[in-house]
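Listing of work_17.cif, mmCIF, C-alpha atoms
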data_model
loop_
_atom_site.label_atom_id
_atom_site.label_comp_id
_atom_site.auth_asym_id
_atom_site.auth_seq_id
_atom_site.Cartn_x
_atom_site.Cartn_y
_atom_site.Cartn_z
CA MET A 21 -18.78 -2.81 -6.76
CA VAL A 22 -15.97 -5.33 -6.85
CA LYS A 23 -16.82 -9.00 -7.05
CA TRP A 24 -14.50 -11.16 -4.96
CA THR A 25 -14.25 -14.88 -5.49
CA ASP A 26 -13.91 -17.19 -2.51
CA PHE A 27 -10.35 -17.92 -3.66
CA GLU A 28 -9.49 -14.21 -3.69
CA ARG A 29 -10.98 -13.58 -0.23
CA THR A 30 -9.22 -16.58 1.24
CA THR A 31 -5.93 -15.81 -0.49
CA ILE A 32 -5.82 -12.16 0.57
CA SER A 33 -6.66 -13.08 4.14
CA ASP A 34 -4.03 -15.81 4.05
CA ILE A 35 -1.39 -13.36 2.81
CA PHE A 36 -2.03 -11.03 5.73
CA SER A 37 -1.89 -13.92 8.19
CA LYS A 38 1.55 -14.93 6.88
CA ILE A 39 3.33 -11.58 6.65
CA ASP A 40 4.80 -9.55 9.48
CA SER A 41 3.37 -6.06 9.09
CA ASP A 42 6.17 -4.65 11.25
CA ILE A 43 8.60 -5.78 8.55
CA VAL A 44 6.57 -5.57 5.33
CA GLY A 45 5.14 -2.08 5.87
CA PRO A 46 8.45 -0.37 6.61
CA ALA A 47 10.28 -2.37 3.92
CA ALA A 48 7.74 -1.50 1.22
CA PHE A 49 7.52 2.16 2.17
CA SER A 50 11.29 2.60 2.40
CA ARG A 51 11.68 0.79 -0.94
CA CYS A 52 9.25 3.25 -2.50
CA LEU A 53 11.21 6.23 -1.16
CA VAL A 54 14.52 4.77 -2.38
CA VAL A 55 13.40 3.58 -5.82
CA TYR A 56 11.20 6.60 -6.52
CA PRO A 57 13.09 9.48 -4.87
CA TRP A 58 10.56 12.13 -5.94
CA THR A 59 8.09 10.59 -3.49
CA ARG A 60 10.26 11.92 -0.64
CA ARG A 61 8.95 15.45 -1.16
CA TYR A 62 5.87 14.64 0.90
CA PHE A 63 7.90 13.61 3.92
CA GLY A 64 10.07 16.64 4.66
CA GLY A 65 9.28 16.31 8.35
CA PHE A 66 10.80 12.83 8.47
CA GLY A 67 14.37 14.13 8.73
CA ASN A 68 17.26 12.56 6.84
CA LEU A 69 16.03 10.86 3.67
CA PHE A 70 19.18 11.52 1.65
CA ASN A 71 20.16 7.93 0.84
CA ALA A 72 18.95 4.35 1.12
CA ALA A 73 20.69 3.67 4.44
CA ALA A 74 19.20 6.79 6.03
CA ILE A 75 15.72 5.92 4.74
CA GLN A 76 15.87 2.31 5.88
CA SER A 77 17.00 3.27 9.38
CA ASN A 78 14.59 6.19 9.78
CA PRO A 79 12.07 5.49 12.57
CA LYS A 80 9.46 7.80 11.02
CA VAL A 81 9.66 5.88 7.74
CA ALA A 82 9.22 2.61 9.63
CA ALA A 83 6.27 4.02 11.59
CA HIS A 84 4.55 5.27 8.44
CA GLY A 85 5.10 1.89 6.77
CA LYS A 86 3.27 0.28 9.68
CA VAL A 87 0.43 2.78 9.25
CA VAL A 88 0.18 1.82 5.57
CA LEU A 89 -0.09 -1.87 6.47
CA ALA A 90 -2.68 -1.10 9.15
CA GLY A 91 -4.70 0.67 6.46
CA LEU A 92 -4.47 -2.38 4.22
CA GLU A 93 -5.65 -4.56 7.08
CA GLN A 94 -8.60 -2.20 7.46
CA ALA A 95 -9.33 -2.72 3.76
CA LEU A 96 -9.07 -6.48 4.30
CA ASN A 97 -11.69 -6.25 7.03
CA ASN A 98 -13.97 -4.19 4.77
CA MET A 99 -13.43 -5.83 1.39
CA ASP A 100 -17.01 -5.22 0.30
CA ASN A 101 -16.79 -1.50 0.99
CA ILE A 102 -13.19 -0.39 0.50
CA LYS A 103 -14.12 2.87 -1.27
CA GLN A 104 -16.24 4.02 1.66
CA THR A 105 -13.63 2.79 4.14
CA PHE A 106 -10.98 5.00 2.50
CA ALA A 107 -13.20 8.00 1.66
CA LYS A 108 -11.70 10.24 4.37
CA LEU A 109 -8.18 9.04 3.62
CA SER A 110 -8.69 9.84 -0.06
CA THR A 111 -9.85 13.35 0.81
CA LEU A 112 -6.89 13.85 3.16
CA HIS A 113 -4.36 12.78 0.53
CA SER A 114 -5.94 14.79 -2.29
CA GLU A 115 -7.01 18.00 -0.60
CA GLU A 116 -4.74 18.48 2.40
CA LEU A 117 -1.56 16.56 1.59
CA GLN A 118 -1.88 17.00 -2.19
CA VAL A 119 -0.19 13.69 -2.91
CA ASP A 120 0.29 12.78 -6.56
CA PRO A 121 -2.20 9.90 -6.97
CA ASP A 122 0.25 7.96 -9.14
CA ASN A 123 2.33 7.43 -6.01
CA PHE A 124 -0.29 5.00 -4.71
CA TRP A 125 0.51 2.70 -7.64
CA LEU A 126 4.23 2.99 -6.95
CA LEU A 127 3.73 1.98 -3.33
CA ALA A 128 1.43 -0.87 -4.37
CA ASP A 129 4.17 -2.20 -6.67
CA CYS A 130 6.70 -2.00 -3.85
CA LEU A 131 4.28 -3.83 -1.55
CA THR A 132 3.88 -6.58 -4.11
CA ILE A 133 7.65 -7.03 -4.34
CA VAL A 134 8.13 -7.14 -0.57
CA VAL A 135 5.21 -9.52 -0.04
CA ALA A 136 6.55 -11.76 -2.81
CA SER A 137 9.94 -11.85 -1.12
CA GLN A 138 8.31 -12.71 2.21
CA LEU A 139 6.14 -15.51 0.82
CA GLY A 140 8.66 -16.99 -1.60
CA LYS A 141 7.34 -19.93 -3.62
CA ALA A 142 3.91 -19.56 -2.00
CA PHE A 143 3.49 -16.34 -3.99
CA THR A 144 2.22 -18.15 -7.07
CA PRO A 145 0.83 -16.32 -10.12
CA GLN A 146 -2.70 -16.93 -8.83
CA VAL A 147 -1.82 -15.53 -5.40
CA GLN A 148 -0.13 -12.54 -7.02
CA ALA A 149 -3.20 -11.87 -9.18
CA ALA A 150 -5.50 -11.88 -6.14
CA PHE A 151 -3.15 -9.62 -4.18
CA GLN A 152 -2.75 -7.19 -7.06
CA LYS A 153 -6.53 -7.06 -7.56
CA PHE A 154 -6.86 -6.19 -3.88
CA LEU A 155 -4.22 -3.47 -4.18
CA ALA A 156 -5.87 -2.12 -7.34
CA VAL A 157 -9.15 -1.73 -5.46
CA VAL A 158 -7.34 0.03 -2.60
CA VAL A 159 -5.54 2.37 -5.01
CA SER A 160 -8.81 3.10 -6.79
CA ALA A 161 -10.41 3.99 -3.47
CA LEU A 162 -7.53 6.29 -2.56
CA ARG A 163 -7.71 7.98 -5.97
CA LYS A 164 -11.50 8.43 -5.82
CA GLN A 165 -11.36 11.99 -4.47
CA TYR A 166 -9.05 13.03 -7.30
CA LEU A 167 -11.62 12.29 -9.99
#

Spell out the structure here as structure tokens.
Amino acid sequence: MVKWTDFERTTISDIFSKIDSDIVGPAAFSRCLVVYPWTRRYFGGFGNLFNAAAIQSNPKVAAHGKVVLAGLEQALNNMDNIKQTFAKLSTLHSEELQVDPDNFWLLADCLTIVVASQLGKAFTPQVQAAFQKFLAVVVSALRKQYL
């Protein structure tokens, strides 16, 4: 079980209150598809993903980015039980979608970059550490079924 300090709980909640999930989710997900092009193989049904402009203007990419952020908000609301919260999602990604589990880390890194750009100077090293701990717990929960 993960131990959260009061600072971490407050900081993570504060981050989500300050970011616009309609911007951050799509931006992070599209960044992942652009920077790590091999991740596109899971999204063949999304249409044109041939270049950065096509990815960034793709409505299915934007919609999936919002789904990702909604999932993170679910984790935020269940910080003491993230592994159980994502148990079905872990099974879906491992057994049905057969997603390479390393891709969760890639998306987490892209999320960190986008959140940092949204928060600017407020994204201090301490805030970053709390956010990355949160993302590490989420990634661990998503990877659980793979073990």

Report task. Decode the PyMOL selection byres ((chain A and resi 73-75) around 10) for the given file into explicit residues and return them as a list in words. Result -> Pro46, Ala47, Phe49, Ser50, Arg51, Leu53, Val54, Arg60, Phe66, Gly67, Asn68, Leu69, Phe70, Asn71, Ala72, Gln76, Ser77, Asn78, Pro79, Lys80, Val81 and Ala82 of chain A

Query raised in the report: Using all atoms listed in the file, which residue out of A:Gly140, A:Trp24, A:Arg163, A:Gln118 lies closest to Phe106 in chain A?
Result: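 Closest candidate: A:Arg163.
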
Report task. Write out as a PyMOL selection string which residues come within 10 Å of Leu139 in chain A when counting only C-alpha atoms, dropping same-chain ones fewer than 5 positions away. Result -> chain A and resi 35+38-39+134+144

Query - Spatial neighbours of range 120-133 of chain A, 10 Å, all atoms listed in the file, chain gap at least 3 places, as a ChimeraX atom specification - result: /A:44-53,55-56,58-59,62,88-89,110,113-114,117,136-138,143,148,151-152,154-156,158-160,162-166

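If only C-alpha atoms are the atoms counted, then among A:Ser41, A:Asn101, A:Gln146, A:Thr31 the closest residue to Val87 in chain A is A:Ser41.
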
**Report entry** d(CA of Leu96 in chain A, CA of Ile43 in chain A) in Å
**Finding:** 18.2 Å

Query raised in the report: Pick the closest to Val22 in chain A from A:Ile102, A:Ala107, A:Asp34, A:Val119: which is it, counting all atoms listed in the file?
Result: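 Among the listed residues, A:Ile102 lies closest to Val22 in chain A.
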